[in-house]
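Asks: The following block contains the structure, expressed as structure tokens.
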Amino acid sequence: MTIPIVPKLLRAHLSELAVNDARIDGRSQWGGRNLEIAHSVLPRAEGSARVRMGDTIVLAGVKFQIMQPYPDRPNQGGLMCSADVRPIAGRNWEAGPPSPEAIELGRVVDRGIRESGCIDVDSLCIIPGEKAWQVILDLFAVSDDGNLFDAFALAGIAALRNAIVPAERFEVGEDYALPVSKTPIMCSYHKVGGRFVYDACSREELGGDERIHITLGDDDNVHSLQKGLKGIFSTEEFEEIMTNAQERTKELRKIVDSM
Amino acid sequence: MGGYGDVQMIDENGLRMDGRSPGDIRDITIETGVIPVADGSCRMTWGTNEAIVAVYGPMEAHPRKIQRQDRAVLDVAYNMAPFSTTDRMRPGFNRRSREISKVTKDALESVVLLELYPRSKIRVTIEIVSAEAGTRCVGLTAASVALADAGIPMTDLVVSVASGKINDVVVCDLNKEEDNYGEADLPMGIMPNSGELVFLQMDGNLSQEEFKQAWKYNMDAAQVVHGMMVEALKGGGPQ
């Protein structure tokens with residue numbers, strides 16, 4: 001990603017708005033953008049989802065491969081999650097091997113899903129020591145207007161929950177729905193104008209400081225955290241966003257679980 | 001071409017496996033303005049192919065050495081998403097996608113009025129998110145719609161269609177099975193207003209008569225698809 005010139009004017013404007021408890025697009029501090037989720041949108045993927053949050057649009061696709069289990073874990077399959085932000089998604093994203101930003105996106109989403117235990121890797125075993133399923137979740141940005149993290153995480157879990165294991169095509173039995181036992185949800189907060197806000201848009205990202213990503217599981221258990229970009233935050237600030245994340249993840253989980 | 005001529009793909013009534021007559025094309029939908037952050041965009045479905053194209057620019061061309069003093073440079077990238085195929089596609093460029101990017105660029109450079117924007121760059125990104133057969137045609141056609149959606153002056157749109165041969169019958173717009181087991185494939189990029197060509201490839205085996213028929217199918221199909229492209233650009237297509 002090319003380095004955008006951060007306009008001092010934008011930062012000053014965002015600070016002014018924050019003092020008056022306002023945001024650049026009229027939302028409240030914890031307000032999210034309009035959310036649309038659709039699943040099974042890609043005919044060639046075994047599971048898929050499209051998420052739109054404001055002007056941010058992403059796709060997630062699940063594919064399966066047969067792998068040989070690792071020697072130290074002969075009864076387990078694998079889960080791989082990768083994110084790619086190609087030049088289609090915005091003028092600042094460039095072609096080439098995945099940028100550090102895109103790799104961070106993929107890895108943070110991967111940790112939330114993996115550590116929640118929503119996919120039982122033991123159930124992916126076909127023949128111990130010989131054959132197991134590798135689940136590959138590919139996250140693809142179509143339009144980047146900020147907060148790709150939450151959009152990717154949401155699309156990822158929605159795609160997994162609707163995935164069908166293509167056992168017939170690989171001649172290892174009958175097709176079945178991929179068992180997904182939990183619904184980890186990520187909520188991201190960005191320091192804008194000196195305070196954290198939920199679901200930053202691209203202008204807030206451009207004129208903001210650090211960001212924090214929290215993934216919570218079904219019982220509010222914490223599964224992944226990530227602090228990104230330059231900035232300093234206090235325990236009190238973190239407690240505030242964690243409280244908000246507990247509420248917001250419940251709302252989002254209801255939406256995903258009802259799909 | 002797989003060249004497995006023994007696979008029966010035309011029934012006794014002369015219909016194809018998906019019920020089409022030899023000259024019929026698959027169902028097509030075209031939407032513009034699908035990427036809010038882009039200057040122009042298009043989503044096109046053609047059978048179970050789906051292409052999403054973004055156009056950014058004209059914008060500053062950098063590094064400076066790629067700039068041309070008398071015209072804009074066109075940066076065209078064609079890519080297939082990892083989940084676009086039956087077996088997962090490894091991300092990143094390969095020889096096939098590089099070649100398709102190049103021929104698509106050559107086609108679009110022939111219609112875009114690049115001399116209007118010296119020293120700038122226009123970026124066209126074609127992403128295939130679902131592939132059936134004929135993705136280069138869908139990508140090129142959708143790219144010309146996205147360029148028009150971005151308001152970039154062009155002498156004409158480009159409609160790209162492929163015809164081929166299955167079981168010794170010339171057919172228009174091959175689907176996946178026909179492409180796999182067919183005996184020839186002739187993709188063309190046509191300027192629908194003048195009937196001139198900006199893109200042409202072919203592989204397989206066609207007699208002179210079969211070749212003429214395939215050429216005619218493509219020309220006729222181009223007019224049909226052109227009507228849909230114009231409707232979508234006028235805002236008459238699905239939103």
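Within each chain, counting starts at residue 1; across the structure tokens, chains are named A, B, ... in the order shown, with ligands numbered 1 upward in that order.
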Kindly provide the residues of chain B that approach chain A to within 9 Å, each paired with its closest atom pair and their distance in Å to one decimal, based on only C-alpha atoms, listed by chain and increasing number, as a tab-separated table.
Replies:
```
residue	atom	partner	partner_atom	distance
B:Val34	CA	A:Ser143	CA	8.9
B:Ile35	CA	A:Ser143	CA	5.6
B:Pro36	CA	A:Asp55	CA	5.8
B:Val37	CA	A:Ser143	CA	6.1
B:Ala38	CA	A:Gly90	CA	6.6
B:Thr48	CA	A:Pro43	CA	6.9
B:Asn49	CA	A:Pro43	CA	8.7
B:Glu50	CA	A:Leu42	CA	8.6
B:Ile52	CA	A:Val142	CA	8.3
B:Val53	CA	A:Ile88	CA	7.1
B:Ala54	CA	A:Ile88	CA	5.3
B:Val55	CA	A:Ile88	CA	7.8
B:Tyr56	CA	A:Arg91	CA	6.4
B:Gly57	CA	A:Arg91	CA	8.6
B:Ala77	CA	A:Ala95	CA	8.4
B:Ala81	CA	A:Phe140	CA	7.8
B:Pro82	CA	A:Asp138	CA	6.8
B:Phe83	CA	A:Ala45	CA	5.4
B:Ser84	CA	A:Arg44	CA	5.6
B:Thr85	CA	A:Arg44	CA	5.5
B:Thr86	CA	A:Arg44	CA	5.6
B:Asp87	CA	A:Lys63	CA	7.6
B:Arg88	CA	A:Lys63	CA	6.2
B:Pro91	CA	A:Asp84	CA	8.5
B:Gly92	CA	A:Pro97	CA	7.1
B:Phe93	CA	A:Gly96	CA	8.4
B:Arg123	CA	A:Pro87	CA	8.6
B:Val124	CA	A:Ile88	CA	8.0
B:Thr125	CA	A:Ile88	CA	5.4
B:Ile126	CA	A:Ile88	CA	7.5
B:Glu127	CA	A:Ile88	CA	7.6
B:Val129	CA	A:Leu42	CA	7.3
B:Ser130	CA	A:Arg44	CA	6.0
B:Ala131	CA	A:Arg44	CA	7.3
B:Glu132	CA	A:Arg44	CA	8.6
```
Asks: Counting only C-alpha atoms, what is within 12 Å of A:Ser258, bar same-chain residues fewer than 2 positions away, as a ChimeraX atom specification?
Replies: /A:37-39,158,161-162,183,251-256
Asks: To test your reading of the structure, identify every residue in stretch 121-158 of chain A that backbone DSSP assigns to helix (DSSP H, G or I), and report it as JSON, numbers by chain.
Replies: {"A": [121, 122, 123, 124, 148, 149, 150, 151, 152, 153, 154, 155, 156, 157, 158]}
Asks: If we count only C-alpha atoms and set the cut-off at 8 Å, which residues sit around B:Ala107, ignoring sequence neighbours fewer than 6 positions away in its own chain? Please answer as a PyMOL selection string.
Replies: chain B and resi 189+198-199
Asks: In Å, with one decimal, what is the gap from atom CA of B:Ala51 to atom CA of A:Phe149?
Replies: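 Separating atom CA of B:Ala51 from atom CA of A:Phe149 is a distance of 23.8 Å.
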Asks: Just how far from atom CA of A:Pro74 is atom CA of A:Trp133, in Å to one decimal?
Replies: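 So the answer is 11.9 Å.
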Asks: Taking into account only C-alpha atoms, which residue in the set A:Gly78, A:Gly146, A:Gly31, A:Pro100 is nearest to A:Gln134?
Replies: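 Checking each candidate against A:Gln134, we get A:Gly78 as the closest.
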Asks: Check the DSSP output for the backbone and give back, as a PyMOL selection string, the residues of stretch 101-231 of chain B in strand (DSSP E).
Replies: chain B and resi 120-130+159-166+169-172+184-191+196-200+203-204
Asks: What would the file look like if the residues just selected were written as a tab-separated table (two decimals), in the first residue's frame with N, CA and C atoms?
Replies:
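Produced file part.tsv, reproduced below:
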```
chain	number	residue	atom	x	y	z
B	120	SER	N	-0.56	10.50	-17.38
B	120	SER	CA	-1.35	9.93	-16.29
B	120	SER	C	-1.50	8.41	-16.48
B	121	LYS	N	-2.17	7.80	-15.51
B	121	LYS	CA	-2.36	6.34	-15.55
B	121	LYS	C	-3.83	6.02	-15.32
B	122	ILE	N	-4.31	5.05	-16.04
B	122	ILE	CA	-5.66	4.53	-15.81
B	122	ILE	C	-5.49	3.06	-15.44
B	123	ARG	N	-6.02	2.71	-14.27
B	123	ARG	CA	-5.82	1.34	-13.78
B	123	ARG	C	-7.11	0.54	-13.90
B	124	VAL	N	-7.02	-0.59	-14.57
B	124	VAL	CA	-8.18	-1.47	-14.76
B	124	VAL	C	-7.86	-2.80	-14.08
B	125	THR	N	-8.65	-3.17	-13.08
B	125	THR	CA	-8.41	-4.42	-12.37
B	125	THR	C	-9.58	-5.36	-12.59
B	126	ILE	N	-9.29	-6.50	-13.20
B	126	ILE	CA	-10.33	-7.49	-13.51
B	126	ILE	C	-10.16	-8.65	-12.54
B	127	GLU	N	-11.19	-8.91	-11.76
B	127	GLU	CA	-11.13	-10.04	-10.82
B	127	GLU	C	-12.23	-11.03	-11.18
B	128	ILE	N	-11.82	-12.26	-11.46
B	128	ILE	CA	-12.80	-13.32	-11.72
B	128	ILE	C	-13.09	-13.98	-10.38
B	129	VAL	N	-14.31	-13.83	-9.88
B	129	VAL	CA	-14.63	-14.45	-8.58
B	129	VAL	C	-15.35	-15.79	-8.77
B	130	SER	N	-15.82	-16.04	-10.00
B	130	SER	CA	-16.40	-17.35	-10.29
B	130	SER	C	-16.12	-17.65	-11.76
B	159	VAL	N	-17.07	-5.78	-26.97
B	159	VAL	CA	-17.81	-6.98	-26.58
B	159	VAL	C	-16.94	-8.17	-26.95
B	160	SER	N	-16.70	-9.02	-25.98
B	160	SER	CA	-15.88	-10.19	-26.26
B	160	SER	C	-16.72	-11.46	-26.11
B	161	VAL	N	-16.70	-12.28	-27.12
B	161	VAL	CA	-17.47	-13.53	-27.15
B	161	VAL	C	-16.58	-14.60	-27.78
B	162	ALA	N	-16.81	-15.85	-27.36
B	162	ALA	CA	-16.07	-16.95	-27.98
B	162	ALA	C	-17.05	-17.95	-28.58
B	163	SER	N	-16.70	-18.48	-29.74
B	163	SER	CA	-17.43	-19.61	-30.29
B	163	SER	C	-16.44	-20.76	-30.46
B	164	GLY	N	-16.98	-21.93	-30.67
B	164	GLY	CA	-16.09	-23.08	-30.79
B	164	GLY	C	-16.78	-24.23	-31.46
B	165	LYS	N	-16.25	-25.41	-31.24
B	165	LYS	CA	-16.80	-26.59	-31.92
B	165	LYS	C	-16.88	-27.75	-30.94
B	166	ILE	N	-18.06	-28.39	-30.92
B	166	ILE	CA	-18.21	-29.60	-30.12
B	166	ILE	C	-18.88	-30.65	-30.98
B	169	VAL	N	-19.91	-29.78	-34.37
B	169	VAL	CA	-20.91	-28.74	-34.58
B	169	VAL	C	-20.34	-27.42	-34.04
B	170	VAL	N	-20.45	-26.36	-34.83
B	170	VAL	CA	-19.98	-25.05	-34.39
B	170	VAL	C	-21.02	-24.46	-33.45
B	171	VAL	N	-20.59	-24.03	-32.27
B	171	VAL	CA	-21.53	-23.48	-31.29
B	171	VAL	C	-20.96	-22.17	-30.72
B	172	CYS	N	-21.88	-21.33	-30.27
B	172	CYS	CA	-21.49	-20.04	-29.72
B	172	CYS	C	-21.39	-20.14	-28.20
B	184	ALA	N	-12.47	-26.78	-30.55
B	184	ALA	CA	-11.90	-25.50	-30.96
B	184	ALA	C	-12.50	-24.39	-30.11
B	185	ASP	N	-11.79	-23.28	-30.04
B	185	ASP	CA	-12.24	-22.13	-29.26
B	185	ASP	C	-11.74	-20.87	-29.97
B	186	LEU	N	-12.68	-19.95	-30.27
B	186	LEU	CA	-12.32	-18.74	-31.01
B	186	LEU	C	-12.86	-17.52	-30.27
B	187	PRO	N	-12.09	-16.97	-29.32
B	187	PRO	CA	-12.55	-15.75	-28.65
B	187	PRO	C	-12.19	-14.51	-29.47
B	188	MET	N	-13.16	-13.57	-29.54
B	188	MET	CA	-12.93	-12.34	-30.29
B	188	MET	C	-13.37	-11.14	-29.45
B	189	GLY	N	-12.74	-10.01	-29.67
B	189	GLY	CA	-13.16	-8.75	-29.04
B	189	GLY	C	-13.63	-7.81	-30.13
B	190	ILE	N	-14.90	-7.46	-30.08
B	190	ILE	CA	-15.54	-6.76	-31.20
B	190	ILE	C	-15.99	-5.37	-30.76
B	191	MET	N	-15.75	-4.37	-31.62
B	191	MET	CA	-16.33	-3.04	-31.43
B	191	MET	C	-17.71	-3.07	-32.07
B	196	GLU	N	-15.56	-3.82	-36.07
B	196	GLU	CA	-14.11	-4.09	-36.15
B	196	GLU	C	-13.65	-4.88	-34.93
B	197	LEU	N	-12.45	-5.45	-35.02
B	197	LEU	CA	-11.93	-6.29	-33.94
B	197	LEU	C	-10.74	-5.65	-33.24
B	198	VAL	N	-10.67	-5.86	-31.92
B	198	VAL	CA	-9.51	-5.41	-31.15
B	198	VAL	C	-8.83	-6.56	-30.42
B	199	PHE	N	-9.42	-7.73	-30.50
B	199	PHE	CA	-8.88	-8.88	-29.77
B	199	PHE	C	-9.24	-10.15	-30.52
B	200	LEU	N	-8.29	-11.03	-30.68
B	200	LEU	CA	-8.53	-12.27	-31.41
B	200	LEU	C	-7.56	-13.34	-30.93
B	203	ASP	N	-7.69	-21.44	-30.70
B	203	ASP	CA	-6.93	-22.68	-30.67
B	203	ASP	C	-7.86	-23.83	-30.97
B	204	GLY	N	-7.34	-24.87	-31.53
B	204	GLY	CA	-8.16	-26.01	-31.89
B	204	GLY	C	-8.06	-26.33	-33.36
```
